[in-house]
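Student: Next comes entry.tsv, TSV, C-alpha atoms and all ligand atoms:
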```
chain	number	residue	atom	x	y	z
A	1	MET	CA	21.64	-23.81	2.22
A	2	ALA	CA	22.72	-23.79	5.86
A	3	SER	CA	25.81	-25.91	6.50
A	4	GLN	CA	25.62	-25.74	10.29
A	5	LEU	CA	23.25	-24.78	13.10
A	6	ARG	CA	24.82	-21.43	13.97
A	7	LEU	CA	21.63	-20.12	15.62
A	8	ARG	CA	20.61	-23.16	17.65
A	9	SER	CA	19.45	-21.28	20.76
A	10	ALA	CA	18.40	-18.02	19.12
A	11	LEU	CA	14.93	-16.50	19.02
A	12	ALA	CA	14.61	-14.47	15.81
A	13	LEU	CA	11.96	-11.83	15.18
A	14	VAL	CA	11.46	-11.07	11.48
A	15	THR	CA	9.14	-8.30	10.25
A	16	GLY	CA	7.75	-8.47	6.72
A	17	ALA	CA	8.06	-12.23	7.19
A	18	GLY	CA	5.01	-13.02	5.06
A	19	SER	CA	6.66	-12.42	1.70
A	20	GLY	CA	9.81	-12.13	-0.39
A	21	ILE	CA	13.01	-11.43	1.52
A	22	GLY	CA	11.40	-11.67	4.99
A	23	ARG	CA	10.05	-15.13	4.24
A	24	ALA	CA	13.40	-16.34	2.85
A	25	VAL	CA	15.15	-14.91	5.91
A	26	SER	CA	12.70	-16.73	8.21
A	27	VAL	CA	13.29	-20.03	6.41
A	28	ARG	CA	17.07	-19.60	6.48
A	29	LEU	CA	17.25	-18.63	10.17
A	30	ALA	CA	15.03	-21.58	11.10
A	31	ARG	CA	17.29	-23.92	9.13
A	32	GLU	CA	20.22	-22.57	11.14
A	33	GLY	CA	18.41	-23.63	14.29
A	34	ALA	CA	16.63	-20.42	15.32
A	35	THR	CA	13.07	-20.28	16.59
A	36	VAL	CA	11.28	-17.70	14.47
A	37	ALA	CA	8.66	-15.12	15.44
A	38	ALA	CA	7.31	-14.27	11.99
A	39	CYS	CA	5.58	-10.89	11.91
A	40	ASP	CA	3.68	-9.34	9.02
A	41	LEU	CA	0.90	-6.91	8.24
A	42	ASP	CA	-0.87	-9.87	6.65
A	43	ALA	CA	-1.61	-12.43	9.39
A	44	ALA	CA	-2.35	-15.25	6.93
A	45	ALA	CA	0.93	-14.66	5.11
A	46	ALA	CA	2.86	-14.80	8.39
A	47	GLN	CA	1.06	-18.05	9.26
A	48	GLU	CA	1.99	-19.46	5.85
A	49	THR	CA	5.65	-18.64	6.52
A	50	VAL	CA	5.45	-20.48	9.85
A	51	ARG	CA	3.93	-23.44	8.02
A	52	LEU	CA	6.86	-23.41	5.55
A	53	LEU	CA	9.33	-23.54	8.42
A	54	GLY	CA	7.99	-27.02	9.06
A	55	ALA	CA	9.65	-28.44	5.95
A	56	PRO	CA	13.35	-28.68	6.80
A	57	GLU	CA	15.90	-30.07	4.35
A	58	SER	CA	15.95	-33.48	6.05
A	59	GLY	CA	12.27	-33.96	5.27
A	60	GLU	CA	11.54	-34.40	8.94
A	61	PRO	CA	8.68	-32.23	10.21
A	62	ALA	CA	10.02	-29.34	12.30
A	63	PRO	CA	8.55	-28.61	15.72
A	64	LEU	CA	5.83	-26.31	14.35
A	65	ARG	CA	4.87	-25.08	17.79
A	66	ALA	CA	8.35	-23.64	18.19
A	67	HIS	CA	7.71	-20.97	15.56
A	68	ALA	CA	4.89	-18.44	15.81
A	69	ALA	CA	3.18	-15.85	13.63
A	70	PHE	CA	2.30	-12.30	14.70
A	71	GLN	CA	0.20	-9.68	12.94
A	72	THR	CA	1.57	-6.14	13.23
A	73	ASP	CA	1.56	-2.91	11.27
A	74	VAL	CA	5.01	-1.55	12.14
A	75	SER	CA	3.95	1.96	11.11
A	76	GLU	CA	1.19	2.11	13.72
A	77	THR	CA	1.99	4.04	16.90
A	78	GLY	CA	2.73	1.69	19.80
A	79	ALA	CA	2.60	-1.43	17.61
A	80	ALA	CA	6.26	-2.38	17.97
A	81	LYS	CA	6.09	-2.24	21.75
A	82	ARG	CA	2.94	-4.40	21.75
A	83	LEU	CA	4.63	-6.85	19.37
A	84	MET	CA	7.66	-7.12	21.63
A	85	GLU	CA	5.40	-7.78	24.63
A	86	GLN	CA	3.54	-10.50	22.71
A	87	VAL	CA	6.78	-12.14	21.57
A	88	GLN	CA	8.22	-12.08	25.10
A	89	ALA	CA	4.97	-13.44	26.52
A	90	SER	CA	5.06	-16.32	23.98
A	91	PHE	CA	8.73	-17.24	24.38
A	92	SER	CA	9.59	-15.89	27.87
A	93	ARG	CA	12.58	-14.00	26.48
A	94	PRO	CA	13.35	-11.17	24.08
A	95	PRO	CA	14.46	-12.00	20.53
A	96	SER	CA	18.25	-12.09	20.24
A	97	VAL	CA	18.04	-11.68	16.46
A	98	VAL	CA	15.81	-8.98	15.00
A	99	VAL	CA	15.43	-8.49	11.25
A	100	SER	CA	13.39	-5.57	9.90
A	101	CYS	CA	12.24	-6.53	6.41
A	102	ALA	CA	8.83	-4.81	6.32
A	103	GLY	CA	8.90	-2.33	3.48
A	104	ILE	CA	6.80	-0.70	0.77
A	105	THR	CA	7.20	1.43	-2.34
A	106	ARG	CA	5.00	4.26	-3.64
A	107	ASP	CA	6.96	5.38	-6.69
A	108	GLU	CA	6.53	8.74	-8.40
A	109	SER	CA	8.86	11.44	-9.67
A	110	LEU	CA	9.57	14.31	-7.30
A	111	LEU	CA	7.50	16.73	-9.35
A	112	HIS	CA	4.38	14.62	-8.91
A	113	MET	CA	4.81	12.79	-5.61
A	114	SER	CA	2.03	13.36	-3.08
A	115	GLU	CA	2.79	14.09	0.57
A	116	ASP	CA	0.70	11.04	1.40
A	117	ASP	CA	2.98	8.74	-0.63
A	118	TRP	CA	6.02	10.34	1.04
A	119	ASP	CA	4.53	9.88	4.53
A	120	LYS	CA	3.46	6.24	3.98
A	121	VAL	CA	6.86	5.09	2.77
A	122	ILE	CA	8.74	6.92	5.52
A	123	ALA	CA	6.29	5.59	8.13
A	124	VAL	CA	6.76	1.92	7.19
A	125	ASN	CA	10.37	1.80	5.99
A	126	LEU	CA	12.09	4.27	8.30
A	127	LYS	CA	9.88	4.84	11.35
A	128	GLY	CA	8.88	1.16	11.31
A	129	THR	CA	12.55	0.17	11.44
A	130	PHE	CA	13.20	2.68	14.22
A	131	VAL	CA	10.37	1.51	16.47
A	132	VAL	CA	11.16	-2.19	16.02
A	133	THR	CA	14.87	-1.57	16.64
A	134	GLN	CA	14.10	0.55	19.71
A	135	ALA	CA	11.61	-1.90	21.22
A	136	ALA	CA	14.00	-4.82	20.67
A	137	ALA	CA	16.96	-2.89	22.10
A	138	GLN	CA	14.99	-1.86	25.18
A	139	ALA	CA	13.93	-5.46	25.80
A	140	LEU	CA	17.48	-6.78	25.33
A	141	VAL	CA	19.14	-4.14	27.49
A	142	SER	CA	16.64	-4.49	30.33
A	143	SER	CA	17.11	-8.27	30.36
A	144	GLY	CA	20.90	-8.07	30.00
A	145	CYS	CA	20.88	-10.15	26.81
A	146	HIS	CA	23.17	-9.71	23.80
A	147	GLY	CA	21.72	-9.50	20.32
A	148	SER	CA	22.08	-8.85	16.61
A	149	ILE	CA	19.78	-6.38	14.87
A	150	ILE	CA	19.70	-6.43	11.08
A	151	ASN	CA	17.89	-3.78	9.07
A	152	ILE	CA	17.10	-4.27	5.41
A	153	SER	CA	17.97	-1.03	3.63
A	154	SER	CA	18.64	-0.89	-0.12
A	155	ILE	CA	21.51	0.00	-2.45
A	156	VAL	CA	19.33	2.87	-3.71
A	157	GLY	CA	19.63	4.41	-0.23
A	158	LYS	CA	23.27	5.07	-1.17
A	159	VAL	CA	22.96	6.03	-4.82
A	160	GLY	CA	19.39	7.25	-5.40
A	161	ASN	CA	16.89	5.95	-7.93
A	162	TYR	CA	14.63	7.73	-10.39
A	163	GLY	CA	11.04	7.94	-9.18
A	164	GLN	CA	11.88	6.96	-5.60
A	165	THR	CA	12.62	10.11	-3.57
A	166	ASN	CA	10.51	8.73	-0.71
A	167	TYR	CA	11.92	5.19	-0.84
A	168	THR	CA	15.58	6.21	-1.27
A	169	ALA	CA	15.30	8.73	1.58
A	170	SER	CA	13.78	6.06	3.83
A	171	LYS	CA	16.55	3.59	2.99
A	172	ALA	CA	19.31	6.18	3.46
A	173	GLY	CA	17.73	6.89	6.83
A	174	VAL	CA	17.92	3.21	7.74
A	175	ILE	CA	21.68	3.22	7.03
A	176	GLY	CA	22.22	6.25	9.29
A	177	LEU	CA	19.97	4.86	12.01
A	178	THR	CA	21.86	1.57	11.94
A	179	GLN	CA	25.26	3.24	12.28
A	180	THR	CA	24.10	5.28	15.28
A	181	VAL	CA	22.44	2.31	16.96
A	182	ALA	CA	25.71	0.37	16.55
A	183	GLN	CA	27.58	3.17	18.34
A	184	GLU	CA	25.06	3.39	21.17
A	185	LEU	CA	24.49	-0.31	21.82
A	186	GLY	CA	27.94	-1.83	21.36
A	187	ARG	CA	28.61	-1.54	25.07
A	188	HIS	CA	25.50	-3.66	25.72
A	189	GLY	CA	26.73	-6.46	23.45
A	190	ILE	CA	24.15	-5.61	20.81
A	191	ARG	CA	25.30	-5.36	17.20
A	192	CYS	CA	23.35	-3.54	14.49
A	193	ASN	CA	24.02	-3.85	10.75
A	194	SER	CA	22.17	-3.12	7.54
A	195	VAL	CA	21.93	-5.07	4.32
A	196	LEU	CA	21.64	-3.25	1.00
A	197	PRO	CA	20.04	-5.49	-1.62
A	198	GLY	CA	20.09	-4.58	-5.29
A	199	PHE	CA	17.34	-5.87	-7.58
A	200	ILE	CA	15.80	-8.94	-5.92
A	201	VAL	CA	12.92	-10.90	-7.44
A	202	THR	CA	10.02	-10.61	-4.97
A	203	PRO	CA	6.39	-9.42	-5.09
A	204	LEU	CA	7.79	-5.90	-4.48
A	205	THR	CA	9.48	-6.00	-7.90
A	206	HIS	CA	6.88	-8.02	-9.82
A	207	LYS	CA	5.57	-4.88	-11.53
A	208	VAL	CA	8.86	-4.41	-13.37
A	209	THR	CA	8.49	-5.41	-17.02
A	210	GLN	CA	10.54	-8.19	-18.62
A	211	LYS	CA	12.13	-5.58	-20.89
A	212	VAL	CA	13.44	-3.65	-17.89
A	213	ARG	CA	14.57	-6.88	-16.19
A	214	ASP	CA	16.59	-7.79	-19.28
A	215	LYS	CA	18.27	-4.37	-19.17
A	216	VAL	CA	18.98	-4.74	-15.46
A	217	ILE	CA	20.62	-8.13	-16.02
A	218	ARG	CA	22.95	-6.60	-18.62
A	219	MET	CA	24.12	-4.13	-15.94
A	220	ILE	CA	24.97	-6.85	-13.40
A	221	PRO	CA	28.46	-8.38	-13.74
A	222	MET	CA	27.24	-11.48	-11.89
A	223	GLY	CA	24.87	-11.98	-14.83
A	224	ARG	CA	21.64	-12.49	-12.93
A	225	ILE	CA	19.03	-10.72	-10.85
A	226	GLY	CA	19.14	-11.49	-7.14
A	227	ILE	CA	16.85	-13.88	-5.31
A	228	PRO	CA	15.63	-13.55	-1.71
A	229	GLU	CA	17.97	-16.34	-0.61
A	230	ASP	CA	20.98	-14.19	-1.63
A	231	VAL	CA	19.89	-11.69	1.02
A	232	ALA	CA	18.97	-14.39	3.55
A	233	ASP	CA	22.51	-15.82	3.35
A	234	VAL	CA	23.97	-12.49	4.46
A	235	VAL	CA	21.35	-11.99	7.17
A	236	ALA	CA	22.17	-15.43	8.60
A	237	PHE	CA	25.86	-14.50	8.70
A	238	LEU	CA	25.10	-11.20	10.45
A	239	ALA	CA	22.80	-12.96	12.90
A	240	SER	CA	25.48	-15.48	13.84
A	241	GLU	CA	28.67	-15.15	15.87
A	242	ASP	CA	30.61	-15.61	12.61
A	243	SER	CA	30.13	-11.82	12.34
A	244	GLY	CA	30.76	-11.20	16.04
A	245	TYR	CA	33.05	-8.18	15.48
A	246	ILE	CA	30.94	-6.58	12.72
A	247	THR	CA	28.62	-3.76	13.72
A	248	GLY	CA	27.47	-0.56	12.02
A	249	ALA	CA	28.23	-2.08	8.62
A	250	SER	CA	26.17	-1.79	5.44
A	251	ILE	CA	26.63	-4.88	3.30
A	252	GLU	CA	25.74	-4.63	-0.38
A	253	VAL	CA	24.06	-7.64	-2.00
A	254	THR	CA	23.79	-6.44	-5.59
A	255	GLY	CA	25.90	-8.65	-7.88
A	256	LYS	CA	27.86	-5.36	-8.27
A	257	ARG	CA	25.29	-3.68	-10.49
A	258	LEU	CA	27.12	-1.05	-12.54
A	259	VAL	CA	24.58	1.68	-13.29
A	260	TRP	CA	22.05	3.31	-11.01
A	261	GLY	CA	20.26	6.61	-10.97
A	262	GLU	CA	18.42	8.52	-13.67
A	263	GLY	CA	16.20	6.29	-15.77
A	264	GLY	CA	16.51	3.42	-13.30
A	265	GLY	CA	13.13	3.87	-11.62
A	266	GLN	CA	11.06	0.73	-11.48
A	267	ARG	CA	7.95	2.64	-12.45
A	268	SER	CA	9.42	4.50	-15.41
A	269	GLY	CA	10.47	1.29	-17.13
A	270	ALA	CA	13.29	3.23	-18.82
A	271	PHE	CA	17.01	2.94	-18.19
A	272	ARG	CA	19.96	4.97	-19.44
A	273	ARG	CA	23.45	3.56	-19.69
A	301	LIG	P1	7.65	-7.87	-0.27
A	301	LIG	O1	7.72	-9.18	-0.92
A	301	LIG	O2	6.60	-6.91	-0.68
A	301	LIG	O3	7.62	-8.08	1.31
A	301	LIG	C1	7.43	-7.02	2.19
A	301	LIG	C2	6.57	-7.52	3.32
A	301	LIG	O4	6.42	-6.45	4.26
A	301	LIG	C3	5.17	-7.91	2.86
A	301	LIG	O5	4.79	-9.15	3.42
A	301	LIG	C4	4.32	-6.79	3.40
A	301	LIG	O6	3.00	-7.17	3.72
A	301	LIG	C5	5.06	-6.42	4.67
A	301	LIG	N1	4.66	-5.12	5.14
A	301	LIG	C6	4.36	-4.02	4.39
A	301	LIG	N2	3.99	-3.02	5.19
A	301	LIG	C7	4.05	-3.49	6.46
A	301	LIG	C8	3.77	-2.93	7.71
A	301	LIG	N3	3.33	-1.65	7.81
A	301	LIG	N4	3.93	-3.68	8.82
A	301	LIG	C9	4.36	-4.96	8.73
A	301	LIG	N5	4.63	-5.56	7.56
A	301	LIG	C10	4.49	-4.83	6.43
A	301	LIG	O7	9.03	-7.07	-0.49
A	301	LIG	P2	10.55	-7.57	-0.45
A	301	LIG	O8	11.11	-7.33	-1.80
A	301	LIG	O9	10.67	-8.90	0.16
A	301	LIG	O10	11.17	-6.45	0.50
A	301	LIG	C11	11.62	-6.73	1.82
A	301	LIG	C12	12.54	-5.59	2.22
A	301	LIG	O11	13.66	-5.55	1.34
A	301	LIG	C13	11.88	-4.22	2.11
A	301	LIG	O12	12.31	-3.40	3.17
A	301	LIG	C14	12.40	-3.68	0.81
A	301	LIG	O13	12.40	-2.28	0.78
A	301	LIG	C15	13.80	-4.25	0.82
A	301	LIG	N6	14.44	-4.32	-0.50
A	301	LIG	C16	13.88	-5.06	-1.50
A	301	LIG	C17	14.52	-5.08	-2.74
A	301	LIG	C18	13.98	-5.86	-3.91
A	301	LIG	O14	14.51	-5.70	-5.03
A	301	LIG	N7	12.97	-6.70	-3.73
A	301	LIG	C19	15.71	-4.36	-2.94
A	301	LIG	C20	16.22	-3.63	-1.88
A	301	LIG	C21	15.60	-3.61	-0.67
A	301	LIG	P3	1.84	-6.95	2.61
A	301	LIG	O15	2.21	-7.82	1.48
A	301	LIG	O16	0.60	-7.37	3.33
A	301	LIG	O17	1.88	-5.50	2.27
```
Let's see the structure in the file written out as structure tokens.
Tutor:
Amino acid sequence: MASQLRLRSALALVTGAGSGIGRAVSVRLAREGATVAACDLDAAAAQETVRLLGAPESGEPAPLRAHAAFQTDVSETGAAKRLMEQVQASFSRPPSVVVSCAGITRDESLLHMSEDDWDKVIAVNLKGTFVVTQAAAQALVSSGCHGSIINISSIVGKVGNYGQTNYTASKAGVIGLTQTVAQELGRHGIRCNSVLPGFIVTPLTHKVTQKVRDKVIRMIPMGRIGIPEDVADVVAFLASEDSGYITGASIEVTGKRLVWGEGGGQRSGAFRR
């Protein structure tokens, strides 16, 4: 729950805003005062997020027209640039907060993974983050505006995860990309950080069986699986000036899960202590 309006004059672009973490991030940033450009592959889902932004904690209807939905496939060539043009045309300024949440999984063990499943995951999770970050940075630099770019990676990008060579490589790439962007754009007043969630309950993780969830919970000292709002809290902090001297960081939001790696794949349904 936001305690103050830290983002009162901010325009925030959120990809993957139609579901899970991206939706929770959109809601949280709006509650902190930001105007949200909610982007998703699924136009109706993005619209639904914008509708939800109209129910602030006070019960007063929010200025719905302030927020807007955009349909984009971040993996499509040229799409990020077109999105940035649309957002700037709608709001007459570039977004000062950019959160890349769009992501997919196509799990399979290395021995059986198809090149197509590798390419799709890299295209959305890694290239999609690159093109959105680049388009936002170009718009901010050319207009002389400062900004905060936040990329949603994953803890498995640091430690690996059974059945996810494609996904873990894409998320490790996001961490490296973020660190380099922070080095290059600091002099322009643009910060870039990544967030590394652990197991968060969203449609992305719905396929995990209750048995596996119970095992996961036993591995988390905080005693519970994460919720999208846990990630949104950290994104709001990184978006705000409360984190004004933090850039190039990778912040883990995992409840300090103890065991990762072999047997931890979401598809396998088997874990080893
Ligand atoms: P989610 O509920 O499936 O949300 C992902 C959103 O991204 C969906 O609305 C999806 O749209 C959208 N999307 C997929 N491909 C896209 C594309 N090419 N262009 C634009 N939007 C696209 O998943 P989530 O759990 O909230 O995940 C959000 C981010 O957090 C992802 O990057 C994920 O890798 C990361 N993450 C999640 C967890 C977790 O445990 N949930 C842990 C670590 C990291 P459709 O529904 O139409 O496909």
Student: Would you mind listing what lies within 7 Å of region 198-215 of chain A as a list in words, with all atoms listed in the file counted and same-chain residues fewer than 2 positions away left out?
Tutor: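 These residues fall inside the cut-off: Gly20, Ser154, Ile155, Leu196, Ile217, Arg218, Met219, Ile225, Gly226, Ile227, Pro228, Val253, Thr254, Gln266, Gly269 and Ala270 of chain A.
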Student: Which residues of chain A come within 8 Å of ligand LIG 301 (chain A), and what is each one's closest atom pair and distance in Å (one decimal), counting all atoms listed in the file, sorted by chain and residue number, as a Markdown table?
Tutor:
```
| residue | atom | partner | partner_atom | distance |
| --- | --- | --- | --- | --- |
| A:Thr15 | CA | A:LIG301 | N5 | 5.9 |
| A:Gly16 | CA | A:LIG301 | O4 | 3.4 |
| A:Ala17 | CA | A:LIG301 | O5 | 5.9 |
| A:Gly18 | CA | A:LIG301 | O5 | 4.2 |
| A:Ser19 | CA | A:LIG301 | O5 | 4.1 |
| A:Gly20 | CA | A:LIG301 | O9 | 3.4 |
| A:Ile21 | CA | A:LIG301 | O9 | 3.7 |
| A:Gly22 | CA | A:LIG301 | O9 | 5.6 |
| A:Arg23 | CA | A:LIG301 | O9 | 7.5 |
| A:Cys39 | CA | A:LIG301 | C9 | 6.8 |
| A:Asp40 | CA | A:LIG301 | N5 | 4.2 |
| A:Leu41 | CA | A:LIG301 | C9 | 4.0 |
| A:Asp42 | CA | A:LIG301 | O16 | 4.4 |
| A:Ala45 | CA | A:LIG301 | O5 | 6.9 |
| A:Ala46 | CA | A:LIG301 | O5 | 7.8 |
| A:Gln71 | CA | A:LIG301 | C9 | 7.6 |
| A:Thr72 | CA | A:LIG301 | C9 | 5.4 |
| A:Asp73 | CA | A:LIG301 | N4 | 3.5 |
| A:Val74 | CA | A:LIG301 | N4 | 4.1 |
| A:Ser75 | CA | A:LIG301 | N3 | 4.9 |
| A:Glu76 | CA | A:LIG301 | N3 | 7.3 |
| A:Ser100 | CA | A:LIG301 | O12 | 7.2 |
| A:Cys101 | CA | A:LIG301 | C12 | 4.3 |
| A:Ala102 | CA | A:LIG301 | O4 | 3.6 |
| A:Gly103 | CA | A:LIG301 | O12 | 3.6 |
| A:Ile104 | CA | A:LIG301 | C6 | 5.5 |
| A:Thr105 | CA | A:LIG301 | O13 | 7.1 |
| A:Ala123 | CA | A:LIG301 | N3 | 7.8 |
| A:Val124 | CA | A:LIG301 | N3 | 5.0 |
| A:Asn125 | CA | A:LIG301 | O12 | 6.2 |
| A:Gly128 | CA | A:LIG301 | N3 | 7.1 |
| A:Ile152 | CA | A:LIG301 | O12 | 5.4 |
| A:Ser153 | CA | A:LIG301 | C21 | 5.5 |
| A:Ser154 | CA | A:LIG301 | C20 | 4.1 |
| A:Ile155 | CA | A:LIG301 | C20 | 6.4 |
| A:Val156 | CA | A:LIG301 | C20 | 7.4 |
| A:Tyr167 | CA | A:LIG301 | O13 | 7.7 |
| A:Lys171 | CA | A:LIG301 | O13 | 7.5 |
| A:Leu196 | CA | A:LIG301 | C20 | 6.1 |
| A:Pro197 | CA | A:LIG301 | C20 | 4.3 |
| A:Gly198 | CA | A:LIG301 | C19 | 5.0 |
| A:Phe199 | CA | A:LIG301 | O14 | 3.8 |
| A:Ile200 | CA | A:LIG301 | O14 | 3.6 |
| A:Val201 | CA | A:LIG301 | N7 | 5.6 |
| A:Thr202 | CA | A:LIG301 | O8 | 4.7 |
| A:Pro203 | CA | A:LIG301 | O1 | 4.4 |
| A:Leu204 | CA | A:LIG301 | O2 | 4.1 |
| A:Thr205 | CA | A:LIG301 | N7 | 5.5 |
| A:Gly226 | CA | A:LIG301 | O14 | 7.7 |
| A:Pro228 | CA | A:LIG301 | O9 | 7.1 |
```
Student: Hey, can you check how far CA of Arg224 (chain A) sits from CA of Val174 (chain A)?
Tutor: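 A separation of 26.2 Å between them.
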Student: Counting only C-alpha atoms, which residues in region 82-101 of chain A sit no more than 9 Å from region 234-248 of chain A? For each one, give the nearest pair of atoms and the distance in Å, sorted by chain then residue number, as a tab-separated table.
Tutor:
```
residue	atom	partner	partner_atom	distance
A:Ser96	CA	A:Ala239	CA	8.7
A:Val97	CA	A:Ala239	CA	6.1
A:Val98	CA	A:Ala239	CA	8.3
A:Val99	CA	A:Val235	CA	8.0
```
Student: In Å, with one decimal, what is the gap from CA of Ala232 (chain A) to CA of Ile150 (chain A)?
Tutor: 11.0 Å
Student: Mind giving me the straight-line distance from CA of Gly176 (chain A) to CA of His112 (chain A) in Å, one decimal?
Tutor: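 We find that CA of Gly176 (chain A) and CA of His112 (chain A) lie 26.8 Å from each other.
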Student: My list of candidates is A:Ala182, A:Ala139, A:Ile122, A:Leu5. Which is closest to Arg82 (chain A) when distances are computed with all atoms listed in the file?
Tutor: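 Ranking A:Ala182, A:Ala139, A:Ile122, A:Leu5 by distance to Arg82 (chain A), first place goes to A:Ala139.
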Student: Produce the centre coordinates and the three edge lengths, each in Å to one decimal, of the box along x, y and z that contains all listed atoms of region 207-213 of chain A with 5 Å added on each side, as JSON.
Tutor:
```
{"center_x": 10.1, "center_y": -5.9, "center_z": -16.2, "size_x": 19.0, "size_y": 14.5, "size_z": 19.4}
```
Student: Counting only C-alpha atoms, note down every residue that has an atom within 9 Å of the point (18.5, 7.0, -1.5) (file coordinates), as a list in words.
Tutor: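 It turns out the residues near that spot are Ser154, Ile155, Val156, Gly157, Lys158, Val159, Gly160, Asn161, Gln164, Thr165, Asn166, Tyr167, Thr168, Ala169, Ser170, Lys171, Ala172 and Gly173 of chain A.
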Student: May I ask which of the residues A:Ala89, A:Ser26, A:Glu108, A:Met84 is the closest one to Asp233 (chain A), counting all atoms listed in the file?
Tutor: A:Ser26
Student: Tell me which of A:Gln179, A:Lys256, A:Leu13, A:Asn193 sits closest to Gln86 (chain A), counting only C-alpha atoms.
Tutor: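 Distance minimum relative to Gln86 (chain A) lands on A:Leu13.
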